[in-house]
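J.: Below are the structure tokens for one structure; questions will follow.
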Amino acid sequence: MCECEFGKLKMDLRLGSSRYAGMDSRMKYMRVAHTIFLSVGFFSVPFVTSASALRAPQLQVIDMNSRTVEHVITVEADGTDVGLKPLVADIDDDDSADILVFESTGSEVKPLVRIYDRHGVQKKIYPLFVPQEAGNEISAAIGNVDSDAELEIVISFPQSTSTRVYIFDATFKYNDPSRPSFIAFPSLSTGARVTVGNVTGDKKNEIIVGTGVGAQAHVGLFDQHGKQYGTDIIPFAETDTQGVTLATITSSGSTYADLAIGLAESAQTWFKVYTIDNAFTYPVRTEQRVWSREWKSGVSLASADILHTGSQELVVAPLSDQRTELQFFHADGTKEDSIAPVYGFEESFNGGSEFAFGQLDSDLATELVIAPRVQTQRGDLSKGSKYVVTDLSEQTTTLWEDGYILKQFLISSGAGGRPTPTGETKISYKKALINYDGAMFGESYHFANTPWNTMFRSGGYFFHTAYWHNNFGNPMSHGCINMREPDAHFLYDWTEMGTVVITHS
């Protein structure tokens, strides 16, 4: 039996007893807080509000100096199930930056682009005359890819079955009617994401193409005719088949940009930065995970010279399944601590974001243009509107609601000879405070007044707080699932009797 063996539990709710003698002030405060709570009722009043997968298709224009929202641009899309992709460039050569907006994610995406001025006034709208081959996501990038001093717009479809790339001129006609598109990886059927940047040091930008979902990630560098430079970059493991995100980042004094590659939606928040050397051996400058491993949201990537030093910062945010938070790094992977994280949208929105930077007015501040994506519905609705999944190999617990990820937590499961059992079970009992008493391996234990206990398997296996350690992410328990107190509290309030719990390794 585990440390939570139900038949041996002593449900001691004698609050304010001598058990508090000798506890440190932090633990006393925690117990007193729960005493006050329990004096008005045994079960809590649920405080949980559902995270949102959808948000109105709006852009926020944020001054990076003052952190104020200068404009909110509402896009008049045909439906609400639409995420957006912004780009910033002087598309019509009038010496004023424009905001290009694509309908990028969602079931109601239309292949078109809207052009707004810096005040949020829509100037033009163009249809994209390309077959939307599969899926409901568009990737777009802008830059000069053919040395003619004019900007081109590059389009691909990450959820397609083809890695085809389309090139348009600034009026959204095909740049070269004889070669309107090319297939980046003929042997793959994954879809593709694109960016542009001068990563080889020649006089024009390269088109950089990364694969979408369904195969090990490949990234290639191409000219406007689809001719590849060097060989494919294979940035991640064979098991990382979620696709990639892309950005280029330029350092002061450099004649070329480095290439940042991140894992896409449903993957951990890893990115790598590559230098594109003359021999195309692709040395790695840095690789790191931005958020801890419970977050499987992938990353959005962009770059901008926020500090006006001549070097760009790499900007990283969750692509989905997590609150929008932008963090700032140098090309060598060091974090730029002088730029505080930026939080987009309301805290309850977990749909992810895409963003771009530019100077949209006459002041020196860089503006951030940020737009919501649509969170992908990936859950198993046959398990009910709510269910819980614990991955023992990753030491994480994920809460699913209506097919979307609501919350993800690091946990500590059973260690050594007391593993947490796997399988599908249901929530069957809850208690706000429990004393855990017992003996294991010749040592007795006593964890008094342990808060937020949610039983998921007969025999006394609970989700519960573990105030006696802070080593979450590693096995620590005698079979139960240990959680941080806020996480255990959230799960306690959110789950219902009969909520399905899936535990696997």
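Ordering of the structure tokens sets the chain letters (A, B, ...), residue numbers begin anew at 1 in every chain, and ligands are numbered from 1 in the order given.
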Give me the region 130-237 of chain A side of the contact with region 258-270 of chain A, cut-off 12 Å, one line per residue showing its nearest atom pair and distance in Å at one decimal, counting only C-alpha atoms, sorted by chain and residue number, as CSV.

T.:
```
residue,atom,partner,partner_atom,distance
A:Pro158,CA,A:Ala264,CA,10.2
A:Gln159,CA,A:Glu265,CA,11.5
A:Ala192,CA,A:Ala264,CA,11.4
A:Arg193,CA,A:Ala264,CA,10.0
A:Val194,CA,A:Ile261,CA,11.0
A:Thr195,CA,A:Leu259,CA,9.8
A:Val196,CA,A:Leu259,CA,9.9
A:Gly197,CA,A:Leu259,CA,8.4
A:Asn198,CA,A:Asp258,CA,8.5
A:Val199,CA,A:Asp258,CA,5.9
A:Thr200,CA,A:Asp258,CA,8.9
A:Gly201,CA,A:Asp258,CA,10.2
A:Glu206,CA,A:Leu259,CA,11.1
A:Ile207,CA,A:Leu259,CA,11.5
A:Ile208,CA,A:Leu259,CA,9.0
A:Val209,CA,A:Ile261,CA,10.5
A:Gly210,CA,A:Ile261,CA,8.6
A:Thr211,CA,A:Ala264,CA,10.0
A:Gly212,CA,A:Ala264,CA,8.3
A:Val213,CA,A:Ala264,CA,8.5
A:Gly214,CA,A:Ala264,CA,11.6
A:Gln216,CA,A:Leu263,CA,11.0
A:Ala217,CA,A:Leu263,CA,8.8
A:His218,CA,A:Ile261,CA,10.3
A:Val219,CA,A:Ile261,CA,8.5
A:Gly220,CA,A:Leu259,CA,10.9
A:Leu221,CA,A:Leu259,CA,10.3
A:Ile233,CA,A:Ile261,CA,10.0
A:Ile234,CA,A:Ile261,CA,10.2
A:Pro235,CA,A:Ile261,CA,7.4
A:Phe236,CA,A:Leu263,CA,8.2
A:Ala237,CA,A:Leu263,CA,10.7
```

J.: Can you list every residue in region 180-248 of chain A that DSSP puts in strand (DSSP E or B), as number ranges by chain?

T.: A: 181-183, 192-197, 206-211, 219-222, 228-233, 244-248

J.: Would you output that residue set with N, CA, C and O atoms, as a compact mmCIF listing (two decimals), in the first residue's frame?

T.:
```txt
# COMPACT_ATOMS: atom_id res chain seq x y z
N SER A 181 5.71 28.77 -57.13
CA SER A 181 5.85 28.06 -55.87
C SER A 181 6.92 26.99 -56.02
O SER A 181 7.38 26.69 -57.12
N PHE A 182 7.34 26.43 -54.89
CA PHE A 182 8.25 25.28 -54.93
C PHE A 182 7.95 24.39 -53.74
O PHE A 182 7.37 24.84 -52.73
N ILE A 183 8.30 23.12 -53.86
CA ILE A 183 8.14 22.16 -52.77
C ILE A 183 9.49 22.02 -52.08
O ILE A 183 10.49 21.65 -52.71
N ALA A 192 4.35 22.96 -43.90
CA ALA A 192 5.59 23.71 -43.70
C ALA A 192 5.31 25.06 -43.04
O ALA A 192 4.23 25.63 -43.21
N ARG A 193 6.31 25.54 -42.28
CA ARG A 193 6.34 26.92 -41.80
C ARG A 193 7.51 27.63 -42.44
O ARG A 193 8.53 27.01 -42.77
N VAL A 194 7.41 28.97 -42.57
CA VAL A 194 8.43 29.73 -43.28
C VAL A 194 8.85 30.96 -42.48
O VAL A 194 8.09 31.49 -41.65
N THR A 195 10.08 31.39 -42.71
CA THR A 195 10.52 32.72 -42.36
C THR A 195 11.51 33.15 -43.44
O THR A 195 11.87 32.35 -44.31
N VAL A 196 11.94 34.41 -43.42
CA VAL A 196 12.97 34.87 -44.35
C VAL A 196 14.03 35.62 -43.55
O VAL A 196 13.75 36.19 -42.50
N GLY A 197 15.26 35.62 -44.06
CA GLY A 197 16.35 36.31 -43.41
C GLY A 197 17.65 36.04 -44.13
O GLY A 197 17.79 35.05 -44.85
N GLU A 206 17.28 34.71 -47.63
CA GLU A 206 16.93 33.34 -47.96
C GLU A 206 15.52 33.03 -47.45
O GLU A 206 15.04 33.66 -46.50
N ILE A 207 14.88 32.08 -48.11
CA ILE A 207 13.61 31.55 -47.62
C ILE A 207 13.93 30.33 -46.78
O ILE A 207 14.58 29.38 -47.25
N ILE A 208 13.53 30.36 -45.54
CA ILE A 208 13.84 29.28 -44.60
C ILE A 208 12.55 28.51 -44.34
O ILE A 208 11.54 29.10 -43.95
N VAL A 209 12.59 27.22 -44.55
CA VAL A 209 11.39 26.39 -44.49
C VAL A 209 11.61 25.29 -43.46
O VAL A 209 12.64 24.60 -43.48
N GLY A 210 10.65 25.13 -42.57
CA GLY A 210 10.66 24.05 -41.60
C GLY A 210 9.42 23.20 -41.74
O GLY A 210 8.36 23.67 -42.19
N THR A 211 9.52 21.94 -41.36
CA THR A 211 8.40 21.02 -41.54
C THR A 211 7.30 21.26 -40.51
O THR A 211 7.51 21.83 -39.43
N VAL A 219 14.72 21.38 -41.56
CA VAL A 219 14.75 22.80 -41.90
C VAL A 219 15.72 22.97 -43.06
O VAL A 219 16.83 22.41 -43.05
N GLY A 220 15.30 23.74 -44.08
CA GLY A 220 16.15 23.98 -45.24
C GLY A 220 16.19 25.44 -45.62
O GLY A 220 15.28 26.21 -45.30
N LEU A 221 17.27 25.84 -46.32
CA LEU A 221 17.47 27.21 -46.80
C LEU A 221 17.34 27.20 -48.32
O LEU A 221 18.01 26.40 -49.00
N PHE A 222 16.54 28.13 -48.88
CA PHE A 222 16.22 28.10 -50.30
C PHE A 222 16.28 29.51 -50.88
O PHE A 222 16.06 30.50 -50.17
N GLN A 228 18.07 24.79 -53.08
CA GLN A 228 18.47 24.68 -51.68
C GLN A 228 19.95 24.98 -51.49
O GLN A 228 20.80 24.58 -52.30
N TYR A 229 20.25 25.71 -50.42
CA TYR A 229 21.63 25.92 -49.98
C TYR A 229 21.98 24.82 -48.97
O TYR A 229 21.28 24.62 -47.98
N GLY A 230 23.08 24.13 -49.18
CA GLY A 230 23.53 23.13 -48.22
C GLY A 230 22.54 21.98 -48.09
O GLY A 230 21.77 21.68 -49.00
N THR A 231 22.58 21.33 -46.96
CA THR A 231 21.72 20.19 -46.68
C THR A 231 20.71 20.55 -45.60
O THR A 231 20.77 21.62 -45.00
N ASP A 232 19.79 19.64 -45.35
CA ASP A 232 18.77 19.87 -44.33
C ASP A 232 19.40 19.97 -42.94
O ASP A 232 20.35 19.25 -42.62
N ILE A 233 18.86 20.84 -42.14
CA ILE A 233 19.16 20.87 -40.71
C ILE A 233 18.15 19.95 -40.03
O ILE A 233 16.95 20.04 -40.28
N VAL A 244 8.12 22.68 -36.44
CA VAL A 244 9.02 23.69 -35.90
C VAL A 244 8.49 25.09 -36.18
O VAL A 244 7.66 25.31 -37.05
N THR A 245 9.00 26.03 -35.38
CA THR A 245 8.82 27.46 -35.63
C THR A 245 10.19 28.06 -35.91
O THR A 245 11.21 27.50 -35.54
N LEU A 246 10.20 29.24 -36.55
CA LEU A 246 11.44 29.78 -37.11
C LEU A 246 11.53 31.28 -36.90
O LEU A 246 10.52 31.99 -36.91
N ALA A 247 12.77 31.77 -36.74
CA ALA A 247 13.05 33.20 -36.75
C ALA A 247 14.52 33.39 -37.05
O ALA A 247 15.34 32.49 -36.81
N THR A 248 14.90 34.56 -37.56
CA THR A 248 16.30 34.91 -37.69
C THR A 248 16.63 36.03 -36.72
O THR A 248 15.76 36.83 -36.35
```

J.: Please provide as a PyMOL selection string all residues within 10 Å of Phe345 (chain A), with the sequence filter that same-chain residues fewer than 5 positions apart are discarded (counting only C-alpha atoms).

T.: chain A and resi 55+58-60+323-325+350+352-353+370-372

J.: Kindly export the residues of the current selection with N, CA, C and O atoms, as a PDB file, in the first residue's frame.

T.:
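The resulting file, selection-v1.pdb, is shown below:
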```pdb
ATOM      1  N   ARG A  55     -10.551  33.631 -28.614  1.00  0.00           N
ATOM      2  CA  ARG A  55     -10.554  35.032 -28.251  1.00  0.00           C
ATOM      3  C   ARG A  55     -10.946  35.819 -29.482  1.00  0.00           C
ATOM      4  O   ARG A  55     -10.666  35.421 -30.607  1.00  0.00           O
ATOM      5  N   GLN A  58      -8.441  40.064 -32.466  1.00  0.00           N
ATOM      6  CA  GLN A  58      -7.983  41.433 -32.249  1.00  0.00           C
ATOM      7  C   GLN A  58      -6.463  41.476 -32.161  1.00  0.00           C
ATOM      8  O   GLN A  58      -5.831  40.569 -31.647  1.00  0.00           O
ATOM      9  N   LEU A  59      -5.903  42.581 -32.630  1.00  0.00           N
ATOM     10  CA  LEU A  59      -4.489  42.865 -32.458  1.00  0.00           C
ATOM     11  C   LEU A  59      -4.321  43.878 -31.335  1.00  0.00           C
ATOM     12  O   LEU A  59      -5.121  44.804 -31.198  1.00  0.00           O
ATOM     13  N   GLN A  60      -3.284  43.700 -30.554  1.00  0.00           N
ATOM     14  CA  GLN A  60      -2.879  44.722 -29.600  1.00  0.00           C
ATOM     15  C   GLN A  60      -1.565  45.326 -30.087  1.00  0.00           C
ATOM     16  O   GLN A  60      -0.620  44.599 -30.406  1.00  0.00           O
ATOM     17  N   ARG A 323      -0.474  30.668 -20.742  1.00  0.00           N
ATOM     18  CA  ARG A 323      -0.672  32.114 -20.794  1.00  0.00           C
ATOM     19  C   ARG A 323       0.413  32.769 -21.655  1.00  0.00           C
ATOM     20  O   ARG A 323       1.574  32.369 -21.634  1.00  0.00           O
ATOM     21  N   THR A 324       0.022  33.791 -22.416  1.00  0.00           N
ATOM     22  CA  THR A 324       0.957  34.485 -23.288  1.00  0.00           C
ATOM     23  C   THR A 324       1.973  35.270 -22.466  1.00  0.00           C
ATOM     24  O   THR A 324       1.629  36.197 -21.741  1.00  0.00           O
ATOM     25  N   GLU A 325       3.236  34.884 -22.573  1.00  0.00           N
ATOM     26  CA  GLU A 325       4.341  35.554 -21.879  1.00  0.00           C
ATOM     27  C   GLU A 325       5.522  35.633 -22.825  1.00  0.00           C
ATOM     28  O   GLU A 325       6.016  34.608 -23.295  1.00  0.00           O
ATOM     29  N   ASN A 350      -5.472  30.874 -23.016  1.00  0.00           N
ATOM     30  CA  ASN A 350      -4.408  29.893 -23.242  1.00  0.00           C
ATOM     31  C   ASN A 350      -4.219  29.554 -24.707  1.00  0.00           C
ATOM     32  O   ASN A 350      -3.621  28.535 -25.037  1.00  0.00           O
ATOM     33  N   GLY A 352      -2.419  30.888 -27.067  1.00  0.00           N
ATOM     34  CA  GLY A 352      -1.144  31.162 -27.710  1.00  0.00           C
ATOM     35  C   GLY A 352      -1.189  32.434 -28.521  1.00  0.00           C
ATOM     36  O   GLY A 352      -2.236  33.085 -28.662  1.00  0.00           O
ATOM     37  N   SER A 353      -0.044  32.819 -29.068  1.00  0.00           N
ATOM     38  CA  SER A 353       0.024  34.094 -29.775  1.00  0.00           C
ATOM     39  C   SER A 353       1.055  34.037 -30.889  1.00  0.00           C
ATOM     40  O   SER A 353       1.939  33.179 -30.910  1.00  0.00           O
ATOM     41  N   ILE A 370       0.787  42.131 -31.345  1.00  0.00           N
ATOM     42  CA  ILE A 370       0.561  40.760 -30.885  1.00  0.00           C
ATOM     43  C   ILE A 370      -0.871  40.349 -31.181  1.00  0.00           C
ATOM     44  O   ILE A 370      -1.802  41.168 -31.067  1.00  0.00           O
ATOM     45  N   ALA A 371      -1.036  39.096 -31.584  1.00  0.00           N
ATOM     46  CA  ALA A 371      -2.345  38.591 -32.001  1.00  0.00           C
ATOM     47  C   ALA A 371      -2.573  37.218 -31.407  1.00  0.00           C
ATOM     48  O   ALA A 371      -1.627  36.446 -31.225  1.00  0.00           O
ATOM     49  N   PRO A 372      -3.824  36.868 -31.100  1.00  0.00           N
ATOM     50  CA  PRO A 372      -4.111  35.537 -30.553  1.00  0.00           C
ATOM     51  C   PRO A 372      -4.154  34.473 -31.641  1.00  0.00           C
ATOM     52  O   PRO A 372      -4.575  34.729 -32.771  1.00  0.00           O
TER      53      PRO A 372
END
```

J.: Rounded to one decimal place, report the CA of Gly460 (chain A)-CA of Glu401 (chain A) distance in Å.

T.: 25.4 Å

J.: With only C-alpha atoms as the atoms that count, which of A:Ala140, A:His308, A:Ser300, A:Ser160 lies nearest to Gln327 (chain A)?

T.: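 When distances to Gln327 (chain A) are compared using only C-alpha atoms, the smallest one comes from A:Ser300.
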
J.: Closest to Ser189 (chain A) among A:Phe409, A:Phe157, A:Trp468, A:Phe129, using only C-alpha atoms?

T.: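 Once distances to Ser189 (chain A) are computed over only C-alpha atoms, the minimum belongs to A:Phe157.
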
J.: Figure out the distance between CA of Ala184 (chain A) and CA of Thr163 (chain A), please, to one decimal in Å.

T.: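 We find that CA of Thr163 (chain A) and CA of Ala184 (chain A) lie 5.5 Å from each other.
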